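Chemist: Structure below; questions to follow.
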Amino acid sequence: MEFKLEAHRIVSISLGKIYNSRVQRGGIKLHKNLLVSLVLRSARQVYLSDPCPGLYLAGPSGTPLQLPAEPAAGPSAGWGGGEPPPPPAPAAGLETEPPPAHPAAPGALRAGDAEPATTVTCARDTLQGGEAAAGGAGDQAGGSDAFPEGLREARRDCRCPPGVEDQPGAAPHGDCCAEDEPPAPTPLGPRKRPGAGAGGCGPAGRPAPGSTPVKKPRRDSEERPGRAEEGEEEMETGNVANLISIFGSSFSGLLRKSPRGAGEEAEGEERGPEAAEPGQICCDTAVLRDMSPWSTAIEAF
Amino acid sequence: DIISTVEFNHSGELLATGDKGGRVVIFQQEQENKIQSHSRGEYNVYSTFQSHEPEFDYLKSLEIEEKINKIRWLPQKNAAQFLLSTNDKTIKLWKISERDKRPEGYNLKEEDGRYRDPTTVTTLRVPVFRPMDLMVEASPRRIFANAHTYHINSISINSDYETYLSADDLRINLWHLEITDRSFNIVDIKPANMEELTEVITAAEFHPNSCNTFVYSSSKGTIRLCDMRASALCDRHSKLFEEPEDPSNRSFFSEIISSISDVKFSHSGQYMMTRDYLSVKIWDLNMENRPVETYQVHEYLRSKLCSLYENDCIFDKFECCWNGSDSVVMTGSYNNFFRMFDRNTKRDITLEASRENNKPRTVLKPRKVCASGKRKKDEISVDSLDFNKKILHTAWHPKENIIAVATTNNLYIFQDKVN
């Protein structure tokens with residue numbers, strides 16, 4: 001548990017560093033940002049791999065039991081949107097997945113032993129697979145493996161009750177992402193509009209392993225033909241979904257801090273209890289508003 | 001201003017410093033005074049000039065810092081001195097020359113330079129050189145620009161004294177000192193897809209004797225030795241120096257602290273030294289799988305890596321240097337401490353560069369940092385170290401035991417006690 005907290009904290013610090021590096025004199029320092037992205041990746045790995053009971057705490061009404069039952073249209077549409085169909089990851093035992101009625105236990109179990117999602121790349125693919133599967137066909141049954149499955153549940157938990165009708169607040173949040181993604185290509189161009197804030201869930205500053213280091217050097221590099229830019233933006237859109245899903249609970253923690261204090265900068269430290277009850281917070285509109293500085297940060301990359 | 005580089009010239013008579021404001025200040029050692037034999041000559045300011053100015057890259061909307069990243073002296077070939085100084089993007093060759101005579105007795109000009117009315121000239125005379133107060137002039141002789149997309153971190157002059165290399169995060173270029181409009185790319189580690197970037201070049205240096213050999217270090221803690229005779233583009237190394245990571249020390253920050261911040265060949269050319277965040281390693285060029293010596297600079301910081309990450313100190317790039325005989329190596333630390341390691345006796349010492357604690361002409365007192373437990377008298381505890389006072393740049397006189405140590409704003413020059 002402590003590792004998770006520390007990882008959480010490190011992730012937020014790292015994001016803050018990346019955000020601040022945009023405005024420093026002399027241009028973005030490739031070396032430093034590469035190192036920060038490596039730390040971010042390690043922290044994320046630890047964060048995701050450390051099974052934390054807190055994550056499975058339900059929101060007011062959403063329970064893990066209910067979630068998989070919902071097709072979770074809103075957010076999954078958002079998450080699934082813009083992503084290429086994922087390769088079915090090590091989907092071994094999924095065909096025999098237990099009925100949605102009791103996903104919690106096996107879900108928790110599976111997330112726990114999903115460690116084989118070793119390399120982060122793999123994780124990203126499987127996550128994409130997870131999301132797209134959720135969005136596409138009948139959720140869990142989709143050929144994604146245990147890891148994203150368990151994650152998805154965790155995510156739903158945290159951010160969610162996105163799929164739960166009686167919490168409409170969640171939907172807008174998910175939709176926020178969904179809406180923002182279609183217009184992504186324009187506002188998301190990091191080079192074109194580095195600061196275009198409300199572009200919302202802009203390109204991921206970090207998650208996808210290989211992509212993280214990319215974003216910073218892109219600003220430095222002189223060779224970026226327009227074509228590449230489009231391609232990168234698609235990728236970024238996909239990464240956005242990952243970012244949101246992966247940072248679901250992180251964001252909630254951050255967001256909870258913001259109504260209290262300035263909270264614009266990421267340096268805010270995460271505290272454990274915040275991670276424990278993220279579900280409700282995500283739905284606040286205040287949260288949505290405060291989300292944009294983060295989006296700005298991430299979009300820039 | 002904040003000193004960003006320190007370098008002795010080949011004779012040790014001159015010491016150049018570069019700062020964040022783009023200025024270069026050169027100190028000259030006084031000629032030894034035979035009467036005052038208790039000390040070697042002191043260093044006094046010899047020349048100051050503005051090497052680089054801030055620039056703006058309009059294409060990328062980026063400001064180019066004028067901070068001097070590195071200075072390297074050329075060996076002296078005539079009365080003038082030459083040095084290369086570089087900022088993030090542009091390298092300049094400066095000529096520093098003395099003028100101690102000036103022509104007097106012009107026919108058409110007054111001594112102050114005003115032109116005389118030709119009608120008042122009644123006799124002709126031949127102008128002659130007369131002594132004047134010494135004036136040191138610095139003039140830029142070559143400007144090597146537009147060859148680097150990323151930030152230049154190293155320059156190194158080849159032992160042929162005709163070519164030099166410049167290294168940025170992803171590429172190394174080879175230049176001829178006389179030719180400014182082209183350079184050859186000799187190392188390129190930029191991946192086709194930047195998303196796959198995993199390491200950058202952090203330092204590069206030519207071998208002191210073999211003009212075909214150079215090394216470059218990476219952010220992953222590896223050093224590659226390349227031979228320019230093997231191919232035009234030295235992407236494939238001849239040797240790869242890497243020490244396997246100790247799994248028991250793994251943490252979030254393992255990758256950051258293994259990044260090499262400086263690499264220096266020994267004067268003999270037989271060894272090279274690398275500096276990573278916590279240690280100094282000496283490598284035998286004939287053994288690639290591990291260093292022959294490892295010295296811990298400030299191991300007590302290993303448990304503080306998270307805070308050092310937060311306050312950005314973990315990204316500090318410390319340099320290291322050899323003494324003239326390759327028997328002692330030196331590097332900086334925090335709290336204005338610097339460390340020396342004697343390779344033969346295996347003894348090490350920590351000293352402090354500060355005015356408050358050291359009066360001029362007194363012997364420096366060794367310092368000690370107490371990592372944990374009871375703090376003895378005179379020891380400093382880790383928590384009271386000042387991480388804003390860091391010594392990143394040090395230099396050792398090539399022949400004598402004189403060292404230059406740069407704190408943030410000040411330069412300290414220490415020398416051996418001469419009996």
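The chains in the structure tokens are called A, B, ... from first to last as shown; in each chain the residues are counted from 1, and the ligands are counted from 1 in the order shown.
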Please check the contacts: residues of chain B at most 6 Å away from chain A, using only C-alpha atoms, listed as a list in words.
Modeler: Leu62, Glu63, Ile64, Glu65, Met194, Glu195, Glu196, Phe252 and Ile256 of chain B
Chemist: For Glu178 (chain B), please output as a list in words all residues within 12 Å (counting only C-alpha atoms; exclusion window: fewer than 5 positions along the same chain).
Modeler: Lys92, Leu93, Arg141, Arg142, Ile143, Phe144, Tyr161, Glu162, Thr163, Tyr164 and Ser183 of chain B
Chemist: Let me see the file: selected residues, N, CA and C atoms, as a CSV table (one decimal), in the first residue's frame.
Modeler:
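Written file, result29.csv:
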chain,number,residue,atom,x,y,z
B,92,LYS,N,32.1,28.5,-30.6
B,92,LYS,CA,32.9,29.6,-31.1
B,92,LYS,C,34.3,29.4,-30.7
B,93,LEU,N,35.2,29.7,-31.7
B,93,LEU,CA,36.6,29.7,-31.4
B,93,LEU,C,37.1,31.1,-31.2
B,141,ARG,N,37.2,34.0,-33.8
B,141,ARG,CA,37.8,33.7,-35.1
B,141,ARG,C,36.9,32.8,-35.9
B,142,ARG,N,36.2,31.9,-35.3
B,142,ARG,CA,35.3,31.0,-36.1
B,142,ARG,C,34.0,30.8,-35.3
B,143,ILE,N,33.0,30.7,-36.1
B,143,ILE,CA,31.7,30.5,-35.4
B,143,ILE,C,31.1,29.2,-36.1
B,144,PHE,N,30.9,28.2,-35.3
B,144,PHE,CA,30.4,26.9,-35.8
B,144,PHE,C,28.9,26.8,-35.4
B,161,TYR,N,44.8,18.0,-33.0
B,161,TYR,CA,44.7,19.5,-32.9
B,161,TYR,C,44.2,20.2,-34.2
B,162,GLU,N,43.5,19.4,-35.0
B,162,GLU,CA,42.9,20.0,-36.2
B,162,GLU,C,41.4,19.8,-36.2
B,163,THR,N,41.0,18.8,-35.5
B,163,THR,CA,39.5,18.5,-35.5
B,163,THR,C,39.0,18.5,-34.1
B,164,TYR,N,37.7,18.6,-34.0
B,164,TYR,CA,37.1,18.5,-32.6
B,164,TYR,C,35.7,17.9,-32.8
B,183,SER,N,30.1,20.1,-41.1
B,183,SER,CA,30.6,19.2,-40.1
B,183,SER,C,30.1,17.8,-40.5
Chemist: So how far away is CA of Phe8 (chain B) from CA of Ala395 (chain B), in Å?
Modeler: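 CA of Phe8 (chain B) lies 6.7 Å from CA of Ala395 (chain B).
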Chemist: Using only C-alpha atoms, which residue out of B:Thr362, B:Ser139, B:Asn185, B:Ser218 lies closest to Asn153 (chain B)?
Modeler: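 The answer is B:Ser218, which sits nearest to Asn153 (chain B).
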Chemist: Please report the interatomic distance between CA of Arg302 (chain B) and CA of Lys377 (chain B) in Å with one decimal.
Modeler: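 Pair CA of Arg302 (chain B) / CA of Lys377 (chain B) returns 23.6 Å.
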Chemist: I'd like the neighbourhood of region 222-231 of chain B as a list in words, where a residue qualifies if any of its atoms comes within 6 Å (using only C-alpha atoms), though same-chain residues fewer than 3 positions away should be ignored.
Modeler: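 Everything that qualifies: Asn212, Thr213, Phe214, Val215, Tyr216, Ser217, Ser218, Cys234, His237, Ser238, Lys239, Leu240, Phe241 and Glu242 of chain B.
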Chemist: Just list the residues in region 156-284 of chain B DSSP gives strand (DSSP E) on the backbone, as JSON, numbers by chain.
Modeler: {"B": [156, 157, 163, 164, 165, 166, 167, 171, 172, 173, 174, 175, 176, 179, 180, 181, 182, 183, 184, 185, 186, 187, 188, 201, 202, 203, 204, 205, 206, 213, 214, 215, 216, 217, 218, 223, 224, 225, 226, 227, 239, 240, 241, 262, 263, 264, 265, 271, 272, 273, 274, 275, 279, 280, 281, 282, 283, 284]}
Chemist: Calculate how many Å separate CA of Thr345 (chain B) from CA of Tyr277 (chain B), rounding to one decimal.
Modeler: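 Computed distance, CA of Thr345 (chain B) to CA of Tyr277 (chain B), equals 23.8 Å.
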Chemist: Set the distance at 6 Å and use only C-alpha atoms: which residues neighbour region 319-330 of chain B once local chain neighbours fewer than 2 positions away are removed? I'd like the list as a PyMOL selection string.
Modeler: chain B and resi 262+339-343+392-393+396+398-399
Chemist: Between B:Cys313, B:Val45, B:Val25, B:Met132, which one has atoms that come closest to Ile68 (chain B), using only C-alpha atoms?
Modeler: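 For Ile68 (chain B), the nearest of the candidates is B:Val25.
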